[in-house]
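Report on one structure; see the data block that follows.
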Amino acid sequence: MNDIASASDKGRRTVYTYFKSKRDIFNAVIERETNKLVVRLEEIQQRAISPEQKLRDYIDCRFETMREIVSRNGSLRAGFFRDVRKVDRARKIISTREIEILTRILQEGMVKGAFRMEDPKQTAVILVHAVHGLDVPYIRDNLAEQGMDKATVKNVIYEIVLRGVLDRGKQ
């Protein structure tokens, strides 16, 4: 906490006024950063573009914004790659909001006849968690070992997702 107070040009007492522990500070950073992601995803959901393009933009934005967040924050990066519990806490903060946004995109696609699925919310839950599972390999570029750069990874995901939810009459 001394280092944090010093780096922020605040006294320890001031830091303790707002945060009781390093964990509280870490959680505040995660919340601030994930709010940025949610704002970007909500902007995509509200654009006047096709549901298919919204889904593509959602996936692209999700991966790139998470890469930026993790790369920009040294302590977050260290925790992200080492401590599964910290990653899970960060994901819990954002998962519900991501699921809501993606559900709206999927519902719009169903209304417009572009997508077909049993339950858009269940589909959103699975897609959000599947994308979360690819965060670390995407950020670390681990899939390059399998011959896939970041653009290829996103294109494969687009294909899997879009072929899975597109109305079969449109394929």
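Labels for the structure tokens follow display order: chains A, B, ..., residues from 1 in each chain, ligands from 1.
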
Per-residue nearest contacts region 31-58 of chain A to region 92-105 of chain A, cut-off 8 Å, using only C-alpha atoms, as a Markdown table:
| residue | atom | partner | partner_atom | distance |
| --- | --- | --- | --- | --- |
| A:Glu31 | CA | A:Ile93 | CA | 7.0 |
| A:Thr34 | CA | A:Ile94 | CA | 6.3 |
| A:Asn35 | CA | A:Ile94 | CA | 7.9 |
| A:Val38 | CA | A:Glu98 | CA | 6.9 |
| A:Leu41 | CA | A:Ile101 | CA | 7.1 |
| A:Glu42 | CA | A:Ile101 | CA | 6.4 |
| A:Gln45 | CA | A:Ile105 | CA | 6.1 |
| A:Pro51 | CA | A:Ile105 | CA | 6.1 |
| A:Lys54 | CA | A:Ile105 | CA | 7.0 |
| A:Leu55 | CA | A:Ile105 | CA | 7.1 |

With all heavy atoms kept, could you save the residues just selected as a PDB file, in the first residue's frame?
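The resulting part06.pdb:
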ATOM      1  N   GLU A  31     -12.837  -3.257 -12.484  1.00  0.00           N
ATOM      2  CA  GLU A  31     -14.175  -2.717 -12.749  1.00  0.00           C
ATOM      3  C   GLU A  31     -14.113  -1.542 -13.729  1.00  0.00           C
ATOM      4  O   GLU A  31     -14.895  -1.460 -14.670  1.00  0.00           O
ATOM      5  CB  GLU A  31     -14.843  -2.286 -11.446  1.00  0.00           C
ATOM      6  CG  GLU A  31     -16.274  -1.862 -11.642  1.00  0.00           C
ATOM      7  CD  GLU A  31     -17.000  -1.598 -10.332  1.00  0.00           C
ATOM      8  OE1 GLU A  31     -16.490  -1.976  -9.265  1.00  0.00           O
ATOM      9  OE2 GLU A  31     -18.086  -1.011 -10.401  1.00  0.00           O
ATOM     10  N   THR A  34     -13.204  -3.000 -17.230  1.00  0.00           N
ATOM     11  CA  THR A  34     -14.285  -3.782 -17.845  1.00  0.00           C
ATOM     12  C   THR A  34     -15.468  -2.901 -18.220  1.00  0.00           C
ATOM     13  O   THR A  34     -16.169  -3.198 -19.182  1.00  0.00           O
ATOM     14  CB  THR A  34     -14.727  -4.958 -16.953  1.00  0.00           C
ATOM     15  OG1 THR A  34     -15.126  -4.471 -15.673  1.00  0.00           O
ATOM     16  CG2 THR A  34     -13.623  -5.978 -16.803  1.00  0.00           C
ATOM     17  N   ASN A  35     -15.662  -1.807 -17.484  1.00  0.00           N
ATOM     18  CA  ASN A  35     -16.719  -0.870 -17.874  1.00  0.00           C
ATOM     19  C   ASN A  35     -16.442  -0.275 -19.247  1.00  0.00           C
ATOM     20  O   ASN A  35     -17.362  -0.047 -20.031  1.00  0.00           O
ATOM     21  CB  ASN A  35     -16.888   0.235 -16.830  1.00  0.00           C
ATOM     22  CG  ASN A  35     -17.695  -0.231 -15.641  1.00  0.00           C
ATOM     23  OD1 ASN A  35     -18.482  -1.166 -15.720  1.00  0.00           O
ATOM     24  ND2 ASN A  35     -17.486   0.423 -14.514  1.00  0.00           N
ATOM     25  N   VAL A  38     -17.582  -2.833 -21.740  1.00  0.00           N
ATOM     26  CA  VAL A  38     -19.044  -2.885 -21.820  1.00  0.00           C
ATOM     27  C   VAL A  38     -19.585  -1.711 -22.631  1.00  0.00           C
ATOM     28  O   VAL A  38     -20.475  -1.886 -23.473  1.00  0.00           O
ATOM     29  CB  VAL A  38     -19.677  -2.928 -20.411  1.00  0.00           C
ATOM     30  CG1 VAL A  38     -21.178  -2.693 -20.470  1.00  0.00           C
ATOM     31  CG2 VAL A  38     -19.380  -4.263 -19.740  1.00  0.00           C
ATOM     32  N   LEU A  41     -19.038  -2.502 -26.251  1.00  0.00           N
ATOM     33  CA  LEU A  41     -19.951  -3.553 -26.721  1.00  0.00           C
ATOM     34  C   LEU A  41     -21.373  -3.019 -26.862  1.00  0.00           C
ATOM     35  O   LEU A  41     -22.085  -3.376 -27.808  1.00  0.00           O
ATOM     36  CB  LEU A  41     -19.903  -4.754 -25.784  1.00  0.00           C
ATOM     37  CG  LEU A  41     -18.564  -5.500 -25.713  1.00  0.00           C
ATOM     38  CD1 LEU A  41     -18.630  -6.622 -24.680  1.00  0.00           C
ATOM     39  CD2 LEU A  41     -18.147  -6.027 -27.076  1.00  0.00           C
ATOM     40  N   GLU A  42     -21.792  -2.161 -25.938  1.00  0.00           N
ATOM     41  CA  GLU A  42     -23.133  -1.566 -26.037  1.00  0.00           C
ATOM     42  C   GLU A  42     -23.238  -0.677 -27.274  1.00  0.00           C
ATOM     43  O   GLU A  42     -24.284  -0.650 -27.928  1.00  0.00           O
ATOM     44  CB  GLU A  42     -23.465  -0.772 -24.772  1.00  0.00           C
ATOM     45  CG  GLU A  42     -23.796  -1.676 -23.603  1.00  0.00           C
ATOM     46  CD  GLU A  42     -23.996  -0.936 -22.288  1.00  0.00           C
ATOM     47  OE1 GLU A  42     -23.512   0.220 -22.146  1.00  0.00           O
ATOM     48  OE2 GLU A  42     -24.618  -1.533 -21.396  1.00  0.00           O
ATOM     49  N   GLN A  45     -23.852  -2.922 -30.191  1.00  0.00           N
ATOM     50  CA  GLN A  45     -25.222  -3.441 -30.155  1.00  0.00           C
ATOM     51  C   GLN A  45     -26.223  -2.397 -30.654  1.00  0.00           C
ATOM     52  O   GLN A  45     -27.214  -2.736 -31.277  1.00  0.00           O
ATOM     53  CB  GLN A  45     -25.562  -3.894 -28.729  1.00  0.00           C
ATOM     54  CG  GLN A  45     -26.882  -4.603 -28.591  1.00  0.00           C
ATOM     55  CD  GLN A  45     -27.977  -3.694 -28.084  1.00  0.00           C
ATOM     56  OE1 GLN A  45     -27.781  -2.918 -27.158  1.00  0.00           O
ATOM     57  NE2 GLN A  45     -29.140  -3.796 -28.687  1.00  0.00           N
ATOM     58  N   PRO A  51     -27.379  -7.633 -37.868  1.00  0.00           N
ATOM     59  CA  PRO A  51     -27.037  -8.449 -36.703  1.00  0.00           C
ATOM     60  C   PRO A  51     -25.772  -9.285 -36.930  1.00  0.00           C
ATOM     61  O   PRO A  51     -24.981  -9.475 -36.007  1.00  0.00           O
ATOM     62  CB  PRO A  51     -28.254  -9.356 -36.508  1.00  0.00           C
ATOM     63  CG  PRO A  51     -29.372  -8.649 -37.190  1.00  0.00           C
ATOM     64  CD  PRO A  51     -28.755  -7.870 -38.310  1.00  0.00           C
ATOM     65  N   LYS A  54     -22.933  -6.984 -36.377  1.00  0.00           N
ATOM     66  CA  LYS A  54     -22.833  -6.709 -34.937  1.00  0.00           C
ATOM     67  C   LYS A  54     -22.115  -7.858 -34.226  1.00  0.00           C
ATOM     68  O   LYS A  54     -21.271  -7.631 -33.362  1.00  0.00           O
ATOM     69  CB  LYS A  54     -24.211  -6.503 -34.308  1.00  0.00           C
ATOM     70  CG  LYS A  54     -24.849  -5.196 -34.659  1.00  0.00           C
ATOM     71  CD  LYS A  54     -26.201  -5.053 -33.992  1.00  0.00           C
ATOM     72  CE  LYS A  54     -26.879  -3.775 -34.459  1.00  0.00           C
ATOM     73  NZ  LYS A  54     -28.137  -3.519 -33.758  1.00  0.00           N
ATOM     74  N   LEU A  55     -22.455  -9.070 -34.609  1.00  0.00           N
ATOM     75  CA  LEU A  55     -21.827 -10.240 -33.991  1.00  0.00           C
ATOM     76  C   LEU A  55     -20.333 -10.274 -34.317  1.00  0.00           C
ATOM     77  O   LEU A  55     -19.504 -10.518 -33.432  1.00  0.00           O
ATOM     78  CB  LEU A  55     -22.520 -11.516 -34.477  1.00  0.00           C
ATOM     79  CG  LEU A  55     -22.339 -12.778 -33.668  1.00  0.00           C
ATOM     80  CD1 LEU A  55     -22.624 -12.572 -32.185  1.00  0.00           C
ATOM     81  CD2 LEU A  55     -23.235 -13.878 -34.216  1.00  0.00           C
TER      82      LEU A  55
END

Thr152 (chain A) environment, 12 Å, only C-alpha atoms, sequence neighbours closer than 4 positions dropped, as a short mmCIF file (atom, residue, chain, number, x, y, z; two decimals) with C-alpha atoms, in the first residue's frame:
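Result went into around.cif, see below:
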data_model
loop_
_atom_site.label_atom_id
_atom_site.label_comp_id
_atom_site.auth_asym_id
_atom_site.auth_seq_id
_atom_site.Cartn_x
_atom_site.Cartn_y
_atom_site.Cartn_z
CA ASP A 60 -13.48 -8.42 -32.67
CA TYR A 138 -5.48 -14.96 -27.99
CA ASP A 141 -0.75 -15.47 -29.35
CA LEU A 143 -2.46 -20.27 -31.35
CA ALA A 144 0.35 -19.12 -33.65
CA GLN A 146 -1.01 -24.03 -34.55
CA GLY A 147 -0.52 -21.78 -37.59
CA MET A 148 -3.21 -19.24 -36.66
CA VAL A 156 -12.60 -19.10 -37.38
CA ILE A 157 -14.76 -17.93 -34.48
CA TYR A 158 -16.93 -15.86 -36.84
CA GLU A 159 -17.44 -18.89 -39.04
#

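Between Ile49 (chain A) and the candidates A:Glu64, A:Glu108, A:Gly133, A:Asn27, the tightest atom-to-atom separation, counting only C-alpha atoms, involves A:Glu108.
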
d(CA of Leu37 (chain A), CA of Thr65 (chain A)) in Å: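 Distance reported for this atom pair: 6.3 Å.
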
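Nearest-residue note for Gln107 (chain A): choosing from A:Ile30, A:Pro137, A:Lys150, A:Glu52, the minimum distance belongs to A:Glu52, counting only C-alpha atoms.
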
Determine, counting only C-alpha atoms, which protein, DNA and RNA residues have an atom within 9 Å of an atom of Leu134 (chain A); residues of the same chain fewer than 5 positions away are not included. Present the result as JSON, numbers by chain. {"A": [63, 129, 139]}

Can you tell me how far CA of Arg62 (chain A) sits from CA of Ile25 (chain A), in Å to one decimal? 23.6 Å

For the atom pair CA of Ile69 (chain A) and CA of Gly11 (chain A), what is the interatomic distance in Å to one decimal place? 27.0 Å
